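So this block is entry32.tsv, TSV, C-alpha atoms:
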```tsv
chain	number	residue	atom	x	y	z
A	268	MET	CA	-63.55	51.39	91.61
A	269	SER	CA	-63.57	55.14	91.38
A	270	ALA	CA	-65.75	57.01	93.84
A	271	THR	CA	-65.85	59.94	91.47
A	272	SER	CA	-67.13	59.69	87.92
A	273	GLU	CA	-64.39	61.90	86.46
A	274	LYS	CA	-60.98	60.36	85.84
A	275	ARG	CA	-58.18	62.38	87.34
A	276	TYR	CA	-54.43	62.08	87.42
A	277	ALA	CA	-52.36	61.83	90.55
A	278	THR	CA	-50.64	64.95	91.78
A	279	ALA	CA	-47.77	65.12	94.24
A	280	GLY	CA	-50.41	65.88	96.87
A	281	ASP	CA	-52.08	62.52	96.24
A	282	TYR	CA	-48.85	60.69	96.96
A	283	VAL	CA	-48.37	62.75	100.10
A	284	GLN	CA	-51.91	61.76	101.17
A	285	LEU	CA	-50.94	58.09	100.73
A	286	LEU	CA	-48.38	58.58	103.47
A	287	LYS	CA	-51.03	59.69	106.01
A	288	PRO	CA	-49.20	62.93	106.87
A	289	ARG	CA	-51.20	63.71	110.03
A	290	ILE	CA	-50.33	60.37	111.60
A	291	MET	CA	-46.78	60.84	110.38
A	292	MET	CA	-46.49	64.15	112.24
A	293	LEU	CA	-47.48	62.54	115.55
A	294	VAL	CA	-45.16	59.59	114.89
A	295	VAL	CA	-42.23	61.90	114.16
A	296	PHE	CA	-42.97	64.05	117.18
A	297	THR	CA	-43.06	61.10	119.60
A	298	ALA	CA	-39.91	59.66	117.99
A	299	ILE	CA	-38.10	62.97	118.55
A	300	ALA	CA	-39.26	62.87	122.18
A	301	GLY	CA	-37.69	59.41	122.58
A	302	LEU	CA	-34.51	60.58	120.89
A	303	VAL	CA	-34.16	63.75	122.96
A	304	ALA	CA	-35.06	61.96	126.22
A	305	ALA	CA	-32.45	59.26	125.51
A	306	VAL	CA	-29.75	61.90	125.09
A	307	GLY	CA	-30.93	63.72	128.23
A	308	VAL	CA	-31.16	60.65	130.46
A	309	THR	CA	-28.13	58.63	129.33
A	310	GLY	CA	-25.80	61.44	128.27
A	311	VAL	CA	-24.99	59.51	125.09
A	312	SER	CA	-24.59	61.95	122.22
A	313	ILE	CA	-25.62	61.52	118.62
A	314	ASN	CA	-24.46	63.50	115.62
A	315	PRO	CA	-27.29	65.99	114.88
A	316	ILE	CA	-27.27	65.13	111.17
A	317	MET	CA	-27.49	61.43	111.97
A	318	ALA	CA	-30.35	62.19	114.39
A	319	ALA	CA	-32.14	64.12	111.63
A	320	ILE	CA	-31.66	61.25	109.16
A	321	ALA	CA	-32.90	58.73	111.76
A	322	THR	CA	-35.99	60.90	112.26
A	323	LEU	CA	-36.49	61.08	108.50
A	324	ALA	CA	-36.24	57.28	108.36
A	325	ILE	CA	-39.00	57.00	110.97
A	326	ALA	CA	-41.15	59.44	108.97
A	327	LEU	CA	-40.57	57.40	105.80
A	328	GLY	CA	-41.37	54.18	107.65
A	329	SER	CA	-44.61	55.68	108.94
A	330	GLY	CA	-45.51	56.83	105.43
A	331	ALA	CA	-44.68	53.40	104.00
A	332	ALA	CA	-46.97	51.71	106.52
A	333	GLY	CA	-49.69	54.23	105.65
A	334	ALA	CA	-49.38	53.47	101.93
A	335	ILE	CA	-49.56	49.70	102.56
A	336	ASN	CA	-52.63	50.31	104.75
A	337	MET	CA	-54.34	52.33	102.01
A	338	TRP	CA	-53.49	49.66	99.44
A	339	TYR	CA	-55.06	46.89	101.49
A	340	ASP	CA	-58.03	48.93	102.75
A	341	ALA	CA	-58.96	50.42	99.37
A	342	ASP	CA	-62.16	48.34	99.28
A	343	ILE	CA	-63.49	49.57	102.62
A	344	ASP	CA	-62.18	53.12	102.13
A	345	GLN	CA	-64.41	53.30	99.07
A	346	ILE	CA	-67.48	52.49	101.19
A	347	MET	CA	-66.89	54.97	104.01
A	348	SER	CA	-67.54	58.62	103.14
A	349	ARG	CA	-64.75	59.77	105.50
A	350	THR	CA	-62.19	57.86	103.43
A	351	SER	CA	-63.76	57.75	99.97
A	352	THR	CA	-61.78	60.77	98.79
A	353	ARG	CA	-58.43	59.09	99.52
A	354	PRO	CA	-56.10	58.72	96.51
A	355	ILE	CA	-56.93	55.07	95.71
A	356	PRO	CA	-60.75	55.08	96.00
A	357	SER	CA	-60.88	58.40	94.15
A	358	GLY	CA	-59.03	56.78	91.25
A	359	ALA	CA	-56.02	59.08	91.35
A	360	VAL	CA	-53.45	56.45	92.32
A	361	PRO	CA	-53.58	52.80	91.16
A	362	LYS	CA	-53.57	50.26	93.99
A	363	GLU	CA	-50.42	48.53	92.74
A	364	GLU	CA	-48.57	51.82	92.69
A	365	ALA	CA	-49.46	52.47	96.31
A	366	LEU	CA	-48.22	49.00	97.27
A	367	ALA	CA	-44.98	49.44	95.36
A	368	MET	CA	-44.46	52.81	96.96
A	369	GLY	CA	-45.10	51.37	100.42
A	370	LEU	CA	-42.71	48.46	99.94
A	371	ILE	CA	-39.92	50.55	98.41
A	372	MET	CA	-40.23	53.19	101.11
A	373	SER	CA	-40.19	50.49	103.80
A	374	GLY	CA	-36.88	49.17	102.48
A	375	VAL	CA	-35.39	52.63	102.09
A	376	SER	CA	-36.46	53.74	105.57
A	377	VAL	CA	-35.04	50.65	107.30
A	378	MET	CA	-31.80	50.92	105.35
A	379	LEU	CA	-31.40	54.62	106.14
A	380	MET	CA	-32.07	53.91	109.82
A	381	TRP	CA	-29.45	51.18	109.87
A	382	LEU	CA	-26.87	53.40	108.18
A	383	ALA	CA	-27.61	56.42	110.36
A	384	SER	CA	-27.87	54.64	113.70
A	385	ASN	CA	-27.76	50.92	114.46
A	386	TRP	CA	-29.33	47.55	113.65
A	387	LEU	CA	-31.62	47.55	116.70
A	388	ALA	CA	-33.34	50.80	115.69
A	389	ALA	CA	-33.59	49.52	112.10
A	390	ALA	CA	-35.05	46.19	113.25
A	391	LEU	CA	-37.60	47.94	115.48
A	392	LEU	CA	-38.59	50.21	112.59
A	393	ALA	CA	-38.99	47.21	110.27
A	394	PHE	CA	-41.09	45.42	112.88
A	395	SER	CA	-43.32	48.45	113.48
A	396	ILE	CA	-44.00	48.75	109.72
A	397	PHE	CA	-44.84	45.03	109.64
A	398	TYR	CA	-46.99	45.44	112.77
A	399	TYR	CA	-49.08	48.22	111.20
A	400	GLY	CA	-49.10	47.00	107.61
A	401	VAL	CA	-49.67	43.31	108.23
A	402	ILE	CA	-50.66	42.51	111.82
A	403	TYR	CA	-53.05	45.45	112.26
A	404	THR	CA	-54.23	46.20	108.71
A	405	MET	CA	-54.46	42.72	107.21
A	406	TRP	CA	-55.34	40.70	110.28
A	407	LEU	CA	-56.65	42.52	113.36
A	408	LYS	CA	-58.65	45.34	111.79
A	409	ARG	CA	-61.22	43.10	110.13
A	410	SER	CA	-61.23	40.25	112.62
A	411	THR	CA	-61.59	41.53	116.19
A	412	PRO	CA	-63.13	44.48	118.06
A	413	GLN	CA	-59.85	44.63	120.01
A	414	ASN	CA	-58.17	45.65	116.73
A	415	ILE	CA	-57.07	49.08	117.84
A	416	VAL	CA	-56.02	47.92	121.32
A	417	ILE	CA	-53.51	45.39	120.00
A	418	GLY	CA	-52.85	47.39	116.84
A	419	GLY	CA	-52.04	50.42	118.98
A	420	GLY	CA	-48.65	48.82	119.53
A	421	ALA	CA	-47.64	49.85	116.03
A	422	GLY	CA	-48.11	53.54	116.78
A	423	ALA	CA	-46.39	53.17	120.15
A	424	PHE	CA	-43.01	52.14	118.73
A	425	PRO	CA	-41.62	55.53	117.53
A	426	PRO	CA	-40.23	56.76	120.90
A	427	VAL	CA	-38.63	53.35	121.45
A	428	ILE	CA	-37.06	53.52	117.98
A	429	GLY	CA	-35.87	57.07	118.66
A	430	TRP	CA	-34.32	55.93	121.95
A	431	ALA	CA	-32.65	52.91	120.32
A	432	ALA	CA	-31.25	55.13	117.55
A	433	VAL	CA	-29.27	57.04	120.19
A	434	THR	CA	-28.20	54.38	122.67
A	435	GLY	CA	-28.47	51.08	120.79
A	436	ASN	CA	-30.69	49.61	123.51
A	437	THR	CA	-34.22	49.97	124.88
A	438	PRO	CA	-34.34	50.43	128.66
A	439	VAL	CA	-37.49	50.57	130.81
A	440	ASP	CA	-37.87	54.33	130.26
A	441	ALA	CA	-38.28	53.79	126.52
A	442	TRP	CA	-40.95	51.15	127.12
A	443	ILE	CA	-42.79	53.50	129.50
A	444	LEU	CA	-43.14	55.94	126.59
A	445	PHE	CA	-44.36	52.99	124.50
A	446	ALA	CA	-46.96	52.16	127.17
A	447	ILE	CA	-48.23	55.75	127.32
A	448	ILE	CA	-49.05	55.72	123.60
A	449	PHE	CA	-50.34	52.14	123.78
A	450	PHE	CA	-52.90	52.98	126.50
A	451	TRP	CA	-53.70	56.35	124.91
A	452	THR	CA	-54.76	54.76	121.61
A	453	PRO	CA	-58.04	53.06	122.70
A	454	PRO	CA	-59.72	56.15	124.23
A	455	HIS	CA	-58.43	58.25	121.32
A	456	PHE	CA	-59.68	55.94	118.59
A	457	TRP	CA	-62.90	54.80	120.25
A	458	ALA	CA	-63.92	58.45	120.75
A	459	LEU	CA	-63.72	58.74	116.94
A	460	SER	CA	-65.47	55.43	116.36
A	461	LEU	CA	-68.42	56.58	118.52
A	462	LEU	CA	-68.89	59.28	115.89
A	463	ALA	CA	-68.33	57.08	112.83
A	464	HIS	CA	-69.63	53.66	113.92
A	465	GLY	CA	-72.31	53.73	111.21
A	466	GLU	CA	-69.61	53.96	108.57
A	467	TYR	CA	-67.60	51.12	110.09
A	468	GLU	CA	-70.75	49.00	110.23
A	469	LYS	CA	-71.46	49.72	106.57
A	470	ALA	CA	-67.91	48.66	105.66
A	471	GLY	CA	-68.05	45.55	107.87
A	472	VAL	CA	-65.22	46.61	110.16
A	473	PRO	CA	-65.78	45.13	113.65
A	474	MET	CA	-65.11	48.25	115.68
A	475	LEU	CA	-66.16	47.99	119.33
A	476	PRO	CA	-69.26	50.24	119.00
A	477	VAL	CA	-70.39	48.07	116.07
A	478	THR	CA	-69.94	44.70	117.77
A	479	HIS	CA	-70.65	45.55	121.43
A	480	GLY	CA	-72.54	48.82	121.27
A	481	ALA	CA	-71.80	52.38	122.35
A	482	LYS	CA	-72.29	51.74	126.08
A	483	VAL	CA	-69.55	49.09	126.25
A	484	THR	CA	-67.29	51.41	124.21
A	485	ARG	CA	-67.87	54.29	126.62
A	486	ASN	CA	-67.02	51.95	129.54
A	487	GLN	CA	-63.83	50.87	127.80
A	488	ILE	CA	-62.88	54.50	127.05
A	489	LEU	CA	-63.19	55.30	130.76
A	490	PHE	CA	-61.28	52.13	131.75
A	491	TYR	CA	-58.30	52.87	129.51
A	492	THR	CA	-58.23	56.55	130.50
A	493	ILE	CA	-58.13	55.55	134.18
A	494	LEU	CA	-55.14	53.33	133.36
A	495	LEU	CA	-53.46	56.01	131.25
A	496	VAL	CA	-53.46	58.90	133.71
A	497	PRO	CA	-51.29	57.26	136.44
A	498	LEU	CA	-49.20	55.50	133.80
A	499	ALA	CA	-48.29	58.85	132.26
A	500	LEU	CA	-46.90	59.85	135.67
A	501	LEU	CA	-44.55	56.86	135.82
A	502	PRO	CA	-41.66	58.78	134.13
A	503	VAL	CA	-41.61	61.04	137.19
A	504	LEU	CA	-40.82	58.02	139.40
A	505	THR	CA	-38.07	56.68	137.16
A	506	GLY	CA	-36.44	60.09	136.68
A	507	LEU	CA	-37.26	60.25	132.99
A	508	GLY	CA	-39.66	63.14	133.63
A	509	GLY	CA	-39.15	66.01	136.03
A	510	TRP	CA	-41.38	68.66	137.61
A	511	ILE	CA	-42.52	70.22	134.36
A	512	TYR	CA	-43.40	66.88	132.83
A	513	GLY	CA	-45.14	65.70	136.01
A	514	ALA	CA	-47.27	68.83	136.35
A	515	THR	CA	-48.18	68.76	132.64
A	516	ALA	CA	-49.07	65.06	132.63
A	517	LEU	CA	-51.13	65.39	135.81
A	518	ALA	CA	-53.08	68.48	134.71
A	519	LEU	CA	-53.77	67.17	131.21
A	520	GLY	CA	-54.53	63.70	132.56
A	521	LEU	CA	-57.21	65.11	134.85
A	522	VAL	CA	-58.80	66.99	131.94
A	523	PHE	CA	-58.64	63.83	129.82
A	524	LEU	CA	-60.25	61.86	132.65
A	525	GLY	CA	-62.92	64.56	132.92
A	526	TYR	CA	-63.73	64.08	129.24
A	527	ALA	CA	-63.84	60.30	129.67
A	528	VAL	CA	-66.24	60.56	132.62
A	529	ARG	CA	-68.54	62.93	130.73
A	530	VAL	CA	-68.51	60.71	127.64
A	531	TRP	CA	-69.20	57.69	129.88
A	532	ARG	CA	-72.25	59.45	131.37
A	533	SER	CA	-73.48	60.60	127.95
A	534	ASN	CA	-75.30	58.75	125.20
A	535	ALA	CA	-72.57	59.37	122.62
A	536	GLY	CA	-72.73	56.74	119.89
A	537	ASP	CA	-76.27	55.64	120.78
A	538	ALA	CA	-79.20	56.03	118.41
A	539	GLU	CA	-80.77	58.53	120.81
A	540	ALA	CA	-77.56	60.54	121.24
A	541	SER	CA	-78.04	64.30	121.19
A	542	GLY	CA	-75.88	66.78	119.33
A	543	ALA	CA	-74.23	67.70	122.62
A	544	ASP	CA	-73.31	64.03	123.24
A	545	MET	CA	-71.67	63.71	119.87
A	546	LYS	CA	-69.94	67.05	120.33
A	547	LEU	CA	-68.52	65.69	123.58
A	548	ALA	CA	-67.11	62.60	121.84
A	549	ARG	CA	-65.63	64.82	119.14
A	550	GLY	CA	-64.15	67.09	121.79
A	551	MET	CA	-62.56	64.09	123.52
A	552	PHE	CA	-61.07	62.89	120.24
A	553	PHE	CA	-59.43	66.25	119.54
A	554	PHE	CA	-58.33	66.71	123.15
A	555	SER	CA	-56.67	63.28	123.10
A	556	ILE	CA	-54.42	64.47	120.24
A	557	LEU	CA	-53.57	67.63	122.16
A	558	TYR	CA	-52.92	65.54	125.30
A	559	LEU	CA	-50.33	63.31	123.65
A	560	PHE	CA	-48.70	66.23	121.89
A	561	LEU	CA	-48.34	68.33	125.06
A	562	VAL	CA	-47.20	65.45	127.29
A	563	PHE	CA	-44.39	64.59	124.87
A	564	ALA	CA	-43.66	68.29	124.28
A	565	ALA	CA	-43.10	68.68	128.04
A	566	LEU	CA	-40.61	65.81	127.93
A	567	ILE	CA	-38.77	67.35	124.97
A	568	LEU	CA	-38.73	70.76	126.65
A	569	GLU	CA	-37.24	69.38	129.86
A	570	HIS	CA	-34.42	67.48	128.19
A	571	ALA	CA	-33.68	69.81	125.28
A	572	ALA	CA	-33.81	73.07	127.21
A	573	GLY	CA	-32.01	71.85	130.33
A	574	LEU	CA	-35.14	72.16	132.46
A	575	HIS	CA	-35.08	68.57	133.69
A	576	PHE	CA	-35.44	68.97	137.46
A	577	VAL	CA	-36.13	65.56	138.94
A	578	ILE	CA	-38.41	65.33	141.92
A	579	GLY	CA	-36.29	64.62	145.00
A	580	GLY	CA	-33.12	66.10	143.49
A	581	VAL	CA	-31.75	68.11	140.65
B	190	MET	CA	-50.56	68.34	70.52
B	191	THR	CA	-47.02	68.66	71.79
B	192	ASN	CA	-43.81	68.45	69.78
B	193	GLU	CA	-43.06	65.19	71.57
B	194	GLN	CA	-46.28	63.69	70.25
B	195	ASP	CA	-45.76	65.19	66.76
B	196	LYS	CA	-42.40	63.49	66.49
B	197	TYR	CA	-43.88	60.00	66.79
B	198	GLN	CA	-47.13	60.71	64.92
B	199	GLY	CA	-48.24	57.64	62.98
B	200	GLN	CA	-45.30	55.48	64.05
B	201	PHE	CA	-47.02	53.82	66.99
B	202	ALA	CA	-50.59	53.39	65.90
B	203	ASP	CA	-51.60	51.25	68.89
B	204	ALA	CA	-50.12	53.53	71.50
B	205	PRO	CA	-52.78	55.01	73.77
B	206	ALA	CA	-53.36	58.70	73.33
B	207	VAL	CA	-51.88	60.75	76.13
B	208	SER	CA	-53.73	63.89	77.08
B	209	GLN	CA	-52.01	67.09	78.05
B	210	GLU	CA	-53.25	66.67	81.59
B	211	GLU	CA	-51.88	63.15	81.88
B	212	LEU	CA	-48.59	64.18	80.35
B	213	ARG	CA	-48.26	67.02	82.83
B	214	ALA	CA	-49.07	64.69	85.74
B	215	ARG	CA	-46.57	62.13	84.48
B	216	ASN	CA	-43.82	64.73	84.10
B	217	SER	CA	-44.49	66.12	87.53
B	218	ARG	CA	-44.40	62.63	89.04
B	219	ASN	CA	-41.13	61.81	87.30
B	220	ARG	CA	-39.61	65.06	88.48
B	221	TRP	CA	-40.50	64.24	92.10
B	222	LEU	CA	-39.13	60.71	91.68
B	223	GLY	CA	-35.87	62.18	90.41
B	224	ILE	CA	-35.68	64.56	93.34
B	225	ALA	CA	-36.39	61.71	95.79
B	226	LEU	CA	-33.62	59.59	94.25
B	227	ALA	CA	-31.17	62.48	94.36
B	228	VAL	CA	-32.01	63.15	98.01
B	229	PHE	CA	-31.49	59.47	98.82
B	230	VAL	CA	-28.07	59.44	97.15
B	231	ILE	CA	-27.07	62.63	98.98
B	232	LEU	CA	-28.24	61.20	102.32
B	233	VAL	CA	-26.22	58.01	101.87
B	234	GLY	CA	-23.22	60.15	100.91
B	235	VAL	CA	-23.64	62.36	103.99
B	236	ILE	CA	-23.97	59.30	106.28
B	237	THR	CA	-20.84	57.76	104.76
B	238	PHE	CA	-18.91	60.99	105.16
B	239	ILE	CA	-19.91	61.40	108.81
B	240	ARG	CA	-19.20	57.76	109.63
B	241	LEU	CA	-15.76	57.85	108.03
B	242	SER	CA	-14.75	61.21	109.49
B	243	SER	CA	-15.80	60.27	113.02
B	244	SER	CA	-13.88	56.98	113.13
B	245	ASP	CA	-10.12	56.69	113.52
B	246	LEU	CA	-9.27	53.89	111.14
B	247	SER	CA	-5.61	53.83	112.21
B	248	GLU	CA	-6.76	52.39	115.55
B	249	SER	CA	-8.11	49.33	113.84
B	250	GLY	CA	-4.57	48.08	113.21
B	251	PHE	CA	-5.37	47.80	109.54
B	252	TYR	CA	-3.55	50.98	108.56
B	253	TYR	CA	0.02	51.97	109.34
B	254	ASN	CA	0.97	55.04	111.33
B	255	MET	CA	4.09	57.06	110.63
B	256	ASP	CA	6.82	57.27	113.23
B	257	ASP	CA	9.01	60.30	113.90
B	258	ARG	CA	11.30	59.42	111.00
B	259	GLY	CA	8.40	59.21	108.59
B	260	GLU	CA	8.60	55.42	108.37
B	261	ARG	CA	5.57	53.21	108.53
B	262	VAL	CA	4.96	51.41	111.81
B	263	GLN	CA	2.11	49.07	112.53
B	264	GLU	CA	0.37	49.49	115.86
B	265	LEU	CA	-0.05	46.27	117.76
B	266	PRO	CA	-3.42	45.24	119.14
B	267	THR	CA	-3.88	46.03	122.83
B	268	GLY	CA	-2.04	43.54	125.06
B	269	MET	CA	0.15	42.05	122.32
B	270	THR	CA	3.94	42.24	122.77
B	271	PRO	CA	6.34	42.75	119.84
B	272	GLU	CA	7.66	39.20	120.46
B	273	GLN	CA	4.18	37.76	120.06
B	274	ALA	CA	3.64	39.79	116.93
B	275	ALA	CA	6.95	38.73	115.36
B	276	PRO	CA	6.75	36.16	112.55
B	277	PRO	CA	7.78	32.57	113.45
B	278	PRO	CA	11.52	31.77	112.90
B	279	ASN	CA	10.90	29.60	109.85
B	280	LEU	CA	9.33	32.60	108.12
B	281	THR	CA	12.05	35.05	109.07
B	282	PRO	CA	13.91	36.31	105.97
B	283	ALA	CA	17.14	34.39	105.30
B	284	ASP	CA	19.49	37.35	105.68
B	285	GLU	CA	18.14	37.96	109.21
B	286	THR	CA	18.32	34.29	110.39
B	287	PRO	CA	21.57	33.44	112.20
B	288	SER	CA	23.12	30.40	110.52
B	289	GLU	CA	24.24	27.47	112.69
B	290	GLU	CA	27.23	26.96	110.38
B	291	ASP	CA	28.26	30.55	110.71
B	292	PRO	CA	31.80	30.40	112.17
B	293	SER	CA	31.38	33.78	113.78
```
As structure tokens, the full file:
Amino acid sequence: MSATSEKRYATAGDYVQLLKPRIMMLVVFTAIAGLVAAVGVTGVSINPIMAAIATLAIALGSGAAGAINMWYDADIDQIMSRTSTRPIPSGAVPKEEALAMGLIMSGVSVMLMWLASNWLAAALLAFSIFYYGVIYTMWLKRSTPQNIVIGGGAGAFPPVIGWAAVTGNTPVDAWILFAIIFFWTPPHFWALSLLAHGEYEKAGVPMLPVTHGAKVTRNQILFYTILLVPLALLPVLTGLGGWIYGATALALGLVFLGYAVRVWRSNAGDAEASGADMKLARGMFFFSILYLFLVFAALILEHAAGLHFVIGGV
Amino acid sequence: MTNEQDKYQGQFADAPAVSQEELRARNSRNRWLGIALAVFVILVGVITFIRLSSSDLSESGFYYNMDDRGERVQELPTGMTPEQAAPPPNLTPADETPSEEDPS
């Protein structure tokens, strides 16, 4: 079981690692964007403390889903070097404890969300935890190379939940934010899998580069990036995003597309890939994180700082 | 060996030995669990406080308001007249019901 020969005892840091804090940060950030945009667009106000508790509930829900994922994936995490130091394969946290933590935190997060906002936001949070913990982790991940395309839906829910927490409904604008994250996920994740496809193969996870090869993956990365760039400009048409958002999404989208084209023309992920090719794939992976962060930051800035100047009016 | 372990020395022969490191880890974990529980209780308290303070329960018709004389008056639901709200005649208290045999 243990990847390390020496038995060690779990620290608070190990439990934090179970919650996948880096994913949690992005989840919380996009949820705040949905929350702030909902207030800005609809004019509906929310008590700031309630908004903070709703955001905390989303963070807890994300952490709960992460813990359930680590519980179920402990066997393959042990095989891949990238994940072998995680709390369960390293022997610091027992599997059952991670599962219990995930389940308890799921319940607590949904309950807090319900108390702080409304049943719709709580139901969406519960469904997103189920989506990631069960649909993606237990079913899609090990059964289809489209795992992260369909599974991307789980990570796309936070802005919708944030929106629902404020207004109690989910209009088209909220689902546009969902779609941006949904179509962002494949190029983001496949850029990483081009780098780590050997590990996925070793663990028997049917990632696209493993089942269809690097060339098909590079094609798919380009395809989804071409879909993403105009989609990210849709908020400008609906009035959700203004000038600042539009300019940011367009500029960053073109850079993202530039990365996708260069990766598409490279040999990244192939056996004969050069160091420069792999560096390109790594660069695209990191830029994709920056892209999502800045696009949503522009949205927050516009609505929170009163800089929301809609194209064709004020 | 800690005082805690000294106290039970020899009483639980089958109990697994707990090292200092494990004991420290266990204490730390319990402390964090306690903090998490306390935070949860505080959060539920804060939510309850905000929800109660932001809602006017007197508008629900459940509570009575006070009139100018300091007497309790019940607000009627929107659209309901005092006649509609009045109890049916057979439930009206006897001293308020006009008697048919009353000569006056």
Legend entry - Å distance separating CA of Ser242 (chain B) from CA of Ile371 (chain A), one decimal place: 29.5 Å
Inset, instruction - Report the distance between CA of Val235 (chain B) and CA of Leu387 (chain A) in Å, rounded to one decimal place. - result: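 Rounded to one decimal, the two atoms are 21.1 Å apart.
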Legend entry - Nearest to chain B, chosen from A:Phe554, A:Trp338, A:Trp381, A:Phe296, with all atoms listed in the file counted in the distances: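 For chain B, the nearest of the given residues is A:Trp381.
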Inset, instruction - Could you please select, counting only C-alpha atoms, the residues of chain A within 9 Å of chain B and state them as a PyMOL selection string? - result: chain A and resi 275-279+314+316-317+320+375+379+382-383
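Among A:Gly525, A:Gly471, A:Gly374, A:Gly369, the residue with the shortest atom-to-atom distance to Asp344 (chain A), counting all atoms listed in the file, is A:Gly471.
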Inset, instruction - Give me the residues within 10 Å of Asp342 (chain A) as number ranges by chain, counting all atoms listed in the file and dropping any in the same chain fewer than 3 places off. - result: A: 268, 337-339, 345-347, 351, 355-356, 470
Legend entry - Distance in Å - CA of Leu489 (chain A) versus CA of Ser395 (chain A):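 These two atoms are separated by 27.2 Å.
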